[in-house]
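Notes for the one structure printed next.
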4 protein chains.
Amino acid sequence: MLVVMNVDATTEQIDAVCAAIRGLGFTPHPMPGAQRTAVCVTGNQGPVHRDVLAGLPGVREVISVSKPYKLVSRETHAEPTVVRVGGHAIGGGALQFIAGPCSVESEDRMMRVAEGVAALGVPFLRAGAYKPRTSPYAFQGLEQEGLRILDAVRRRFGLRIVTEVLSEETVEAVASVADVLQIGARNMQNFALLKKIARCANPILLKRGASATVEEWLMAAEYLLSGGNRQVILCERGIRTFSDQTRNTLDVSAIAAVKALSHLPVVADPSHAAGKREFVAPLARAAVAAGADGLIIEAHFDPNSAWSDGAQTVDFDHLAAVIAQARAYERLHVEGNAANASSSR
Amino acid sequence: MLVVMNVDATTEQIDAVCAAIRGLGFTPHPMPGAQRTAVCVTGNQGPVHRDVLAGLPGVREVISVSKPYKLVSRETHAEPTVVRVGGHAIGGGALQFIAGPCSVESEDRMMRVAEGVAALGVPFLRAGAYKPRTSPYAFQGLEQEGLRILDAVRRRFGLRIVTEVLSEETVEAVASVADVLQIGARNMQNFALLKKIARCANPILLKRGASATVEEWLMAAEYLLSGGNRQVILCERGIRTFSDQTRNTLDVSAIAAVKALSHLPVVADPSHAAGKREFVAPLARAAVAAGADGLIIEAHFDPNSAWSDGAQTVDFDHLAAVIAQARAYERLHVEGNAANASSSR
Amino acid sequence: MLVVMNVDATTEQIDAVCAAIRGLGFTPHPMPGAQRTAVCVTGNQGPVHRDVLAGLPGVREVISVSKPYKLVSRETHAEPTVVRVGGHAIGGGALQFIAGPCSVESEDRMMRVAEGVAALGVPFLRAGAYKPRTSPYAFQGLEQEGLRILDAVRRRFGLRIVTEVLSEETVEAVASVADVLQIGARNMQNFALLKKIARCANPILLKRGASATVEEWLMAAEYLLSGGNRQVILCERGIRTFSDQTRNTLDVSAIAAVKALSHLPVVADPSHAAGKREFVAPLARAAVAAGADGLIIEAHFDPNSAWSDGAQTVDFDHLAAVIAQARAYERLHVEGNAANASSSR
Amino acid sequence: MLVVMNVDATTEQIDAVCAAIRGLGFTPHPMPGAQRTAVCVTGNQGPVHRDVLAGLPGVREVISVSKPYKLVSRETHAEPTVVRVGGHAIGGGALQFIAGPCSVESEDRMMRVAEGVAALGVPFLRAGAYKPRTSPYAFQGLEQEGLRILDAVRRRFGLRIVTEVLSEETVEAVASVADVLQIGARNMQNFALLKKIARCANPILLKRGASATVEEWLMAAEYLLSGGNRQVILCERGIRTFSDQTRNTLDVSAIAAVKALSHLPVVADPSHAAGKREFVAPLARAAVAAGADGLIIEAHFDPNSAWSDGAQTVDFDHLAAVIAQARAYERLHVEGNAANASSSR
C-alpha cells in the first residue's frame with residue numbers, strides 16, 4: 001500500500017501518517033520525490049484498512065499496490081535512483097564503468113591491474129577477496145589478505161572498490177574495505193545475507209541469479225530496500241538457458257524491463273555472460289543499447305595468467321576499445337534525447 | 001572435407017578436383033573466394049581418403065572439417081555473403097530493414113501499410129498470406145488471396161516482398177510472388193520443406209527455432225546451401241527460456257556467435273522477441289549493437305486494430321524512431337571501423 | 001463452445017443442433033459419450049450467440065470453453081479415448097508397447113529385429129523409412145525402399161507398423177504401409193503436415209516438440225481432431241532444458257497433466273529422453289508410474305551396429321526386462337484400482 | 001587423485017600414505033570399503049606428483065580423477081551410503097518417508113500434524129522454523145519459537161525432525177533441535193553456509209538448486225563431505241524450465257543419474273515439484289520408479305488452512321495413499337531384485 005501526500009504536505013503531516021501506519025502494526029517508508037512524498041506501507045500480509053489513512057491531513061490518495069515489490073518500484077518512486085560513491089555516480093543518465101580481475105591474486109599483481117584500470121579513467125575496481133567456487137578444491141580467494149591488498153590499492157590509486165561478500169560472518173570485514181558490496185548470482189536469494197547487508201551503509205551491487213525471473217530479482221532488491229539500504233545497483237549477468245555458444249545468455253530484455261519497472265540503476269556484466277573474451281565487446285554494446293547504466297568487466301594486464309576466469313578476461317587495450325564503443329553509444333543516446341527534447345517543444 | 005586450391009589454380013585444375021570428388025561418390029561444391037577457391041566435399045558419412053585429392057595439381061591443402069556444417073562456415077568462405085534482392089543488399093556491412101504487418105488483412109489495409117513502409121524508405125515489406133497459428137480455430141491467413149494482394153502491393157509501391165511459406169504444396173505459389181521466402185521458427189527443422197525451398201531461385205530468410213542451438217540453426221541453413229541455394233539470410237527472433245518479461249528471450253550472443261561462425265547475413269526480429277511494443281526499440285538497438293545486419297519489424301498504420309500480433313506491432317512514427325536509432329548506431333560502427341583502419345596503418 | 005445434450009436426447013434433436021450450428025457459419029462436432037452426447041462448436045473466432053442454441057429441444061446447457069482446445073479436452077469427452085489398431089488397443093487402462101530400431105536398415109536386418117520384437121509379444125514395430133536428421137549429410141533413411149521392407153515385415157510377422165511421415169508429399173505413400181503415422185517432435189507445429197495427416201484414416205502418434213508447452217501440444221492434437229481424425233496418441237519424449245545428464249529431460253509431470261486435461265492416450269519414449277541405454281529402464285518405469293498408457297522403445301538385435309541412435313538403443317534381453325518391469329507396475333495399478341473400488345463400496 | 005591400497009594393506013601402511021599426502025601440503029581422506037581402502041587426495045589445484053605416492057608400501061595404484069567430485073563419487077566408494085538417524089535409515093535399499101507442513105504454525109497445530117504423521121508410521125517430520133520467502137513481506141517463520149515447538153513435538157511423538165537452516169548465524173541453534181539439517185534449493189551454492197554446516201555432526205539433506213546441473217549439485221555435496229560430514233542425503237525437487245503445468249519440472253533422469261554417479265542416498269520432493277496437490281501422487285510414484293531412496297512430502301491436517309504452500313500440501317488420507325503406492329513399488333523392486341538374483345545363479 002502506498003500513501004501519496006499532497007505536493008504541499010508538511011513534514012508534520014508526513015510524520016503523522018507514519019505514526020498512524022505504525023499504530024496499525026505496519027512499517028512506514030517515506031519516499032521523498034522531486035514533487036511530492038509518498039509513504040510506502042510494508043509489513044502487511046493482506047489488505048490494510050485504507051480509510052484510517054485516507055482521512056489524514058495532507059494525504060492525496062491511498063493506492064493499493066498489486067505488484068509484490070513496492071520500494072523498488074518505479075510507481076512509488078518515479079525518478080531514477082542515482083547511487084553516489086566518492087563523487088562517482090551510477091545511474092541517472094551517464095554511463096559508469098567497473099573493471100578488474102576475477103580475484104585478488106597478490107599485492108604486486110593487483111597494483112599492476114589497478115594502474116591499468118586507473119589509467120583508463122575507470123573509477124571502480126572490481127576484484128574478489130572471497131570467491132564462490134563450484135569446487136571446494138578450487139582457489140577460494142586470498143580472503144583477509146585480499147581485503148588488505150584491496151585497501152592498499154584503494155589508497156594508492158584512489159579507486160573505488162567493488163568486491164563480493166559471501167558470508168554473513170565477513171560482512172563487517174568486507175564492508176570496512178569495500179566501497180560497494182557485491183552480492184553474487186548464487187546468493188541472490190540468500191535471504192539471511194541480504195538482511196544483514198541491508199543494514200550496512202555501503203552501496204550494494206546485486207547480481208541476478210542465473211535462473212531468477214525479473215520479479216524474483218526485484219524482490220531480492222526489495223529485501224535490501226525494506227531492510228534500510230536504498231543504494232542498490234542491479235546487475236544482469238546472463239541467465240541459464242539451453243543456448244550453448246556463451247557461458248550464460250545475456251538477457252537484454254531484462255535490462256529494458258527493469259528500467260521500466262524500477263527506479264534502481266542496472267549495470268551489465270558481459271564477461272560472465274560471454275564466458276569467452278571475443279564476445280565481451282558485442283555483449284557490452286548490446287547491454288548499453290538496451291539501456292544499461294554501466295558495465296562491469298573482467299580485465300587483467302595478462303588475462304592468460306589470471307588465476308580464475310582467464311578465458312573471459314580482457315587486457316587493457318581490449319578494455320579501452322570496449323569503453324570507447326560504449327561511450328560512443330552514450331553520446332548518441334544523449335544527442336538522441338536532446339533531439340527528442342527539442343522536437344517535442 | 002575441404003580442398004583448398006592454390007591462389008593461381010586454373011579453372012581446369014578446379015574442374016579436375018571436382019571430377020575426382022565425384023569419382024569417389026561424393027559431391028563437390030566449389031566456393032570461389034576473393035583470393036582463392038576452396039572445394040567443399042559433401043555426401044561422405046565418414047572420413048574421405050584425402051591422399052587421392054591432396055596429390056592433384058593446384059591443390060594447396062586438404063583439411064578435415066570438424067564442425068558438422070561446411071558450406072555455411074566462415075572457415076570455408078571467409079568473405080561475408082551479401083544477399084541481393086532487386087538492387088537492395090542484405091549483409092556486407094550496411095544495415096537493412098524489413099517492415100510490415102503480421103498478416104495480410106485486405107487489399108485496402110495492405111496498401112495503407114505499404115504506403116507507410118515505403119514512405120520511410122524501407123525497401124522490404126513483410127506480411128503473411130499463410131500464417132502458422134497455434135490454434136486451428138485462429139485466423140490462418142488470406143492464403144491465395146493474400147498472395148494476390150501482396151503482388152498488387154509490390155507492383156504499386158516497388159517494395160520487395162518477404163513472406164512465409166508453410167507448406168511444401170504452396171512453395172511454387174508463394175515463390176512466384178515472394179522476393180524472399182521466409183521459413184518460420186516452427187519449421188526450422190521441417191527438413192522436407194527446407195529441401196524443397198532450397199531448389200527455388202528466391203533468397204531465403206531462415207528463422208531460428210525457439211529452442212534451436214546455434215549449431216542446429218546453422219545445420220538447417222546447411223540444408224539450404226547443400227540443396228543449391230546460397231542466398232540465405234538468418235534471423236534471430238528470441239528463444240524460449242524461463243524469463244517471462246518478454247514473449248521470447250532475444251539471444252544477442254547468438255547474433256555475435258553466428259557472425260563469427262558463418263558468412264551468412266543475420267537479421268533480428270525484435271517484435272517476436274519482445275511480444276510487447278514498448279520493448280521493440282531497446283531490443284532492436286541491442287541486436288544492431290551485437291552485430292545484426294538488419295531488422296525485421298512488425299509495423300501497422302493502426303497496431304491496435306491488427307488482426308494478429310497487435311501487442312508487439314508498432315505504428316509508423318514508432319518505426320521511424322527505431323530506424324533512426326539503428327541508423328545512428330550503424331554510422332558509429334562505420335566511423336569506428338574507419339578509425340580502427342586508420343589507427344592500424 | 002460446447003452444447004451438452006440431455007441424456008435422452010434423440011438423434012433427430014442432435015442433428016437439429018448440428019444444423020443450427022452450421023446455419024451460424026460454424027462447424028459442429030458431435031461427441032457421443034457413455035451417458036450423453038455433447039456437440040463441440042468450432043470455427044468461431046469470438047463468442048457465439050448462445051441463446052439460439054440453448055433454446056433448441058434436447059439441449060441441457062451451452063457452456064463456453066475457456067481453454068483454447070476443445071475436442072481433445074476431457075471436459076468435452078470424459079471417457080478415455082482408446083485407439084484400436086488391428087485388434088490391439090492403446091489407451092483405456094492396459095499398457096501397450098511399441099519397439100524397434102531408429103531406422104529401417106535393410107530387409108535382412110529388419111527381419112531379424114522384427115523377429116525379436118514379435119518374440120517378446122510386442123505387437124507394434126517402430127522403424128523410420130524417412131528420418132529427420134539435423135545434418136543434410138547424415139543418413140536420411142531408405143525412403144521408398146524402407147516402406148517396402150516395412151510392408152514385407154508386417155506381412156511376415158503380423159506386426160503393426162509405426163513409422164514417421166516427414167513430408168506432405170509422402171503422406172499417401174507412408175499411410176499406405178503404416179498402421180500408425182508418427183509425427184516427429186520437430187514437426188509438432190508443422191501445421192500443413194498436421195492438416196494433411198488429419199485427413200488420413202490411420203491412427204496418429206503425435207510427439208511433443210522439444211520446447212512445446214502442454215497447451216501447445218494439445219493444440220497440435222486439436223488440429224488433428226478438428227481436421228477429422230480422432231485416433232490420436234500423444235507421445236512425451238523429453239524436453240530441452242539445461243539439465244545435461246540425458247539427451248532430453250523426460251517431463252513426467254506432463255504425462256500426469258495430459259491425462260488430467262485430455263481424453264487422449266499418452267505414451268512415453270524413454271529412449272529419446274535418455275539418449276543413453278542405461279537410463280532407458282528407469283525412465284520407462286517413471287513414465288508408467290506417472291500414468292503413461294504405453295512405451296515406445298528403440299530396440300535392435302545389435303545396438304552398437306545400429307545405423308542411428310545406437311547409444312540409446314537396447315537389445316532384446318534389455319527390452320524384455322523393461323517390459324517385465326512395466327508390466328509389474330501395471331498389475332500393481334490394476335490391483336490398486338480394484339482395492340480402491342472394493343474399499344469405496 | 002585417488003590412492004588405491006592393496007586388499008591386504010595394513011593400517012600402518014594407510015597411515016603412512018596419509019602422512020605422505022599431508023607432507024605434500026594436501027589433505028588425505030581414507031575411504032574404507034568392503035574390500036579395500038582408497039585414500040582420496042584433496043586440496044591440490046593441479047596434478048600431484050604421483051610417483052611419491054605410487055612407490056609407498058601397500059599402494060596398488062594411483063589414479064587421476066577426471067570428474068571434479070571425488071568423495072561423493074561411486075568410483076571412490078562403491079557401496080551406497082546409508083544415513084542413520086535414531087534407528088531409521090535413509091539409503092541402502094529400503095524406502096524412507098519424511099512428511100509435514102511447510103512451516104511451523106503454532107504448538108497446537110504442530111502437535112495435530114505430528115500426531116497424523118506418526119499415526120501413519122512416518123518416522124521423520126519436516127517443518128520450517130526459518131522460511132526462505134521470495135518476498136520480505138511474507139511470513140518468515142516462527143524462528144526461535146518454531147524451534148522450541150519442534151523440540152516439544154519431537155519429545156512427545158518421538159519423531160525425527162528435518163528442518164531448514166537459512167543462516168550461518170543460526171546453524172548452532174537449528175542443529176541443537178534438528179535431527180537432519182536441510183539446505184534449501186536457493187542455498188545450494190551458499191558456500192559459506194555449506195562450509196559451516198559441514199562441521200556439524202547432524203546428517204544433512206541437500207536440495208538441488210532450481211537451475212543446478214547434476215555436477216554442480218554433486219560439487220555442493222562435495223563441499224559437505226570434504227568439510228567433514230559424510231551423512232549427506234540429496235534431494236531432487238524439480239528444476240526450472242519453460243514447462244508450465246507444474247511449479248517445477250521433476251527431473252527423474254537426475255535421480256537415475258545421481259544413483260549411478262554417487263553413493264549418496266537421494267530422496268525426491270514431489271510437493272515442490274508439483275506445486276499442485278493433484279500431481280503429488282504421480283510424481284511421487286515416478287520418483288520411486290526412477291530409483292529414489294525416499295520421499296519428502298508436504299502434509300497437513302487441513303491443507304487449505306496452511307500458512308504457506310497450501311496448494312501443494314496433502315491431507316493425511318492423501319498421504320496414506322501416496323505412501324501405500326510407494327511401498328507397493330518398493331516391494332516390487334525387492335521381488336524383482338530377488339528374481340534377478342535367483343535367475344543369475
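As shown in the C-alpha cells, the chain order sets the letters A, B, ...; within each chain, residues go from 1, and ligands are also counted from 1 in the order they appear.
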
Chain C residues near chain D within 6 Å, closest pair each, using only C-alpha atoms, as a Markdown table:
| residue | atom | partner | partner_atom | distance |
| --- | --- | --- | --- | --- |
| C:Thr213 | CA | D:Ser243 | CA | 5.6 |
| C:Ser243 | CA | D:Thr213 | CA | 5.6 |
| C:Pro282 | CA | D:Ala290 | CA | 4.6 |
| C:Arg285 | CA | D:Ala289 | CA | 5.4 |
| C:Ala286 | CA | D:Ala286 | CA | 4.1 |
| C:Ala289 | CA | D:Ala286 | CA | 4.9 |
| C:Ala290 | CA | D:Pro282 | CA | 4.6 |

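Here the strand (DSSP E) residues in region 105-326 of chain D, by DSSP on the backbone, are Phe124, Leu125, Arg126, Arg160, Ile161, Val162, Thr163, Glu164, Val180, Leu181, Gln182, Ile183, Ile204, Leu205, Leu206, Lys207, Val232, Ile233, Leu234, Cys235, Glu236, Val266, Val267, Ala268, Gly294, Leu295, Ile296, Ile297 and Glu298 of chain D.
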
Atoms kept (N, CA, C and O atoms) for selection, written as a short mmCIF file (atom, residue, chain, number, x, y, z; two decimals), in the first residue's frame:
data_model
loop_
_atom_site.label_atom_id
_atom_site.label_comp_id
_atom_site.auth_asym_id
_atom_site.auth_seq_id
_atom_site.Cartn_x
_atom_site.Cartn_y
_atom_site.Cartn_z
N PHE D 124 9.95 -39.42 10.14
CA PHE D 124 10.57 -38.11 10.02
C PHE D 124 9.52 -37.02 9.80
O PHE D 124 8.66 -37.14 8.93
N LEU D 125 9.63 -35.97 10.61
CA LEU D 125 8.72 -34.83 10.48
C LEU D 125 9.47 -33.65 9.86
O LEU D 125 10.52 -33.25 10.34
N ARG D 126 8.91 -33.08 8.79
CA ARG D 126 9.51 -31.88 8.21
C ARG D 126 8.64 -30.68 8.58
O ARG D 126 7.40 -30.79 8.65
N ARG D 160 11.60 -37.79 14.25
CA ARG D 160 12.90 -37.18 13.91
C ARG D 160 12.62 -35.92 13.10
O ARG D 160 11.83 -35.96 12.14
N ILE D 161 13.28 -34.84 13.45
CA ILE D 161 12.96 -33.53 12.86
C ILE D 161 13.90 -33.19 11.70
O ILE D 161 15.13 -33.22 11.86
N VAL D 162 13.31 -32.87 10.54
CA VAL D 162 14.06 -32.37 9.39
C VAL D 162 13.65 -30.91 9.21
O VAL D 162 12.48 -30.62 8.96
N THR D 163 14.59 -29.98 9.36
CA THR D 163 14.21 -28.57 9.26
C THR D 163 15.34 -27.77 8.65
O THR D 163 16.51 -28.12 8.77
N GLU D 164 14.94 -26.70 7.96
CA GLU D 164 15.90 -25.94 7.15
C GLU D 164 16.70 -24.96 7.99
O GLU D 164 16.16 -24.31 8.88
N VAL D 180 17.96 -33.76 11.27
CA VAL D 180 18.56 -33.60 9.94
C VAL D 180 18.48 -32.13 9.56
O VAL D 180 17.40 -31.53 9.64
N LEU D 181 19.61 -31.55 9.15
CA LEU D 181 19.65 -30.15 8.75
C LEU D 181 19.35 -30.06 7.25
O LEU D 181 20.06 -30.68 6.44
N GLN D 182 18.34 -29.32 6.88
CA GLN D 182 18.00 -29.18 5.46
C GLN D 182 18.65 -27.92 4.89
O GLN D 182 18.60 -26.85 5.49
N ILE D 183 19.29 -28.08 3.72
CA ILE D 183 19.80 -26.92 2.97
C ILE D 183 18.87 -26.74 1.78
O ILE D 183 18.70 -27.66 0.98
N ILE D 204 22.64 -34.27 6.89
CA ILE D 204 22.25 -33.10 6.10
C ILE D 204 21.40 -33.56 4.92
O ILE D 204 21.73 -34.55 4.26
N LEU D 205 20.32 -32.83 4.65
CA LEU D 205 19.54 -33.05 3.43
C LEU D 205 19.79 -31.85 2.50
O LEU D 205 19.47 -30.72 2.85
N LEU D 206 20.40 -32.14 1.34
CA LEU D 206 20.83 -31.06 0.44
C LEU D 206 19.93 -31.03 -0.79
O LEU D 206 20.01 -31.90 -1.67
N LYS D 207 19.10 -30.00 -0.89
CA LYS D 207 18.21 -29.89 -2.05
C LYS D 207 18.98 -29.39 -3.26
O LYS D 207 19.91 -28.59 -3.14
N VAL D 232 25.21 -37.29 4.17
CA VAL D 232 24.52 -36.37 3.29
C VAL D 232 23.45 -37.10 2.48
O VAL D 232 23.72 -38.15 1.89
N ILE D 233 22.25 -36.54 2.47
CA ILE D 233 21.13 -37.04 1.67
C ILE D 233 20.85 -36.00 0.59
O ILE D 233 20.66 -34.82 0.90
N LEU D 234 20.82 -36.41 -0.66
CA LEU D 234 20.49 -35.49 -1.75
C LEU D 234 18.97 -35.44 -1.92
O LEU D 234 18.28 -36.41 -1.61
N CYS D 235 18.47 -34.31 -2.43
CA CYS D 235 17.02 -34.20 -2.64
C CYS D 235 16.70 -33.49 -3.95
O CYS D 235 17.00 -32.31 -4.12
N GLU D 236 16.10 -34.23 -4.88
CA GLU D 236 15.63 -33.66 -6.16
C GLU D 236 14.24 -33.07 -5.92
O GLU D 236 13.33 -33.77 -5.46
N VAL D 266 19.38 -40.51 -2.36
CA VAL D 266 18.67 -39.37 -2.95
C VAL D 266 17.18 -39.55 -2.71
O VAL D 266 16.62 -40.61 -2.98
N VAL D 267 16.57 -38.53 -2.15
CA VAL D 267 15.12 -38.55 -1.98
C VAL D 267 14.51 -37.52 -2.93
O VAL D 267 15.22 -36.69 -3.50
N ALA D 268 13.21 -37.61 -3.11
CA ALA D 268 12.53 -36.66 -4.01
C ALA D 268 11.47 -35.89 -3.24
O ALA D 268 10.87 -36.41 -2.30
N GLY D 294 13.69 -42.29 -1.13
CA GLY D 294 12.68 -41.83 -0.19
C GLY D 294 11.94 -40.64 -0.75
O GLY D 294 12.21 -40.16 -1.85
N LEU D 295 10.95 -40.19 0.02
CA LEU D 295 10.09 -39.08 -0.40
C LEU D 295 9.95 -38.11 0.77
O LEU D 295 9.85 -38.52 1.92
N ILE D 296 9.94 -36.83 0.45
CA ILE D 296 9.64 -35.80 1.43
C ILE D 296 8.40 -35.06 0.93
O ILE D 296 8.40 -34.53 -0.18
N ILE D 297 7.34 -35.12 1.72
CA ILE D 297 6.03 -34.70 1.24
C ILE D 297 5.42 -33.69 2.20
O ILE D 297 5.44 -33.89 3.42
N GLU D 298 4.88 -32.61 1.63
CA GLU D 298 4.20 -31.63 2.48
C GLU D 298 2.80 -32.13 2.82
O GLU D 298 1.99 -32.38 1.92
#

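Looking only at region 102-138 of chain A, the set that DSSP places in helix (DSSP H, G or I) from backbone geometry is Glu107, Asp108, Arg109, Met110, Met111, Arg112, Val113, Ala114, Glu115, Gly116, Val117, Ala118 and Ala119 of chain A.
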
Selection: 9 Å around Lys276 (chain A), only C-alpha atoms, excl. self and same-chain fewer than 5 positions, as a ChimeraX atom specification: /A:246-247,271,310-313

Put those residues in a file: C-alpha atoms, as a PDB file, in the first residue's frame.
ATOM      1  CA  THR A 246      28.241 -18.494 -24.424  1.00  0.00           C
ATOM      2  CA  ARG A 247      28.604 -19.332 -20.718  1.00  0.00           C
ATOM      3  CA  SER A 271      32.236 -11.036 -19.074  1.00  0.00           C
ATOM      4  CA  GLY A 310      41.006 -16.026 -17.666  1.00  0.00           C
ATOM      5  CA  ALA A 311      39.102 -17.053 -20.789  1.00  0.00           C
ATOM      6  CA  GLN A 312      36.576 -14.273 -20.344  1.00  0.00           C
ATOM      7  CA  THR A 313      39.041 -11.629 -19.109  1.00  0.00           C
TER       8      THR A 313
END

CA of Glu75 (chain B) to CA of Pro57 (chain B), straight-line distance in Å: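 Straight-line distance from CA of Pro57 (chain B) to CA of Glu75 (chain B) works out to 22.3 Å.
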
Close residues, Arg327 (chain A) itself excluded, 8 Å, only C-alpha atoms, min 4 positions apart in chain, as a list in words: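 That gives Leu95, Ile323 and Arg331 of chain A.
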
May I ask for the distance between CA of Ala152 (chain C) and CA of Phe316 (chain C), given in Å to one decimal place?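 Separation of CA of Ala152 (chain C) and CA of Phe316 (chain C): 21.3 Å.
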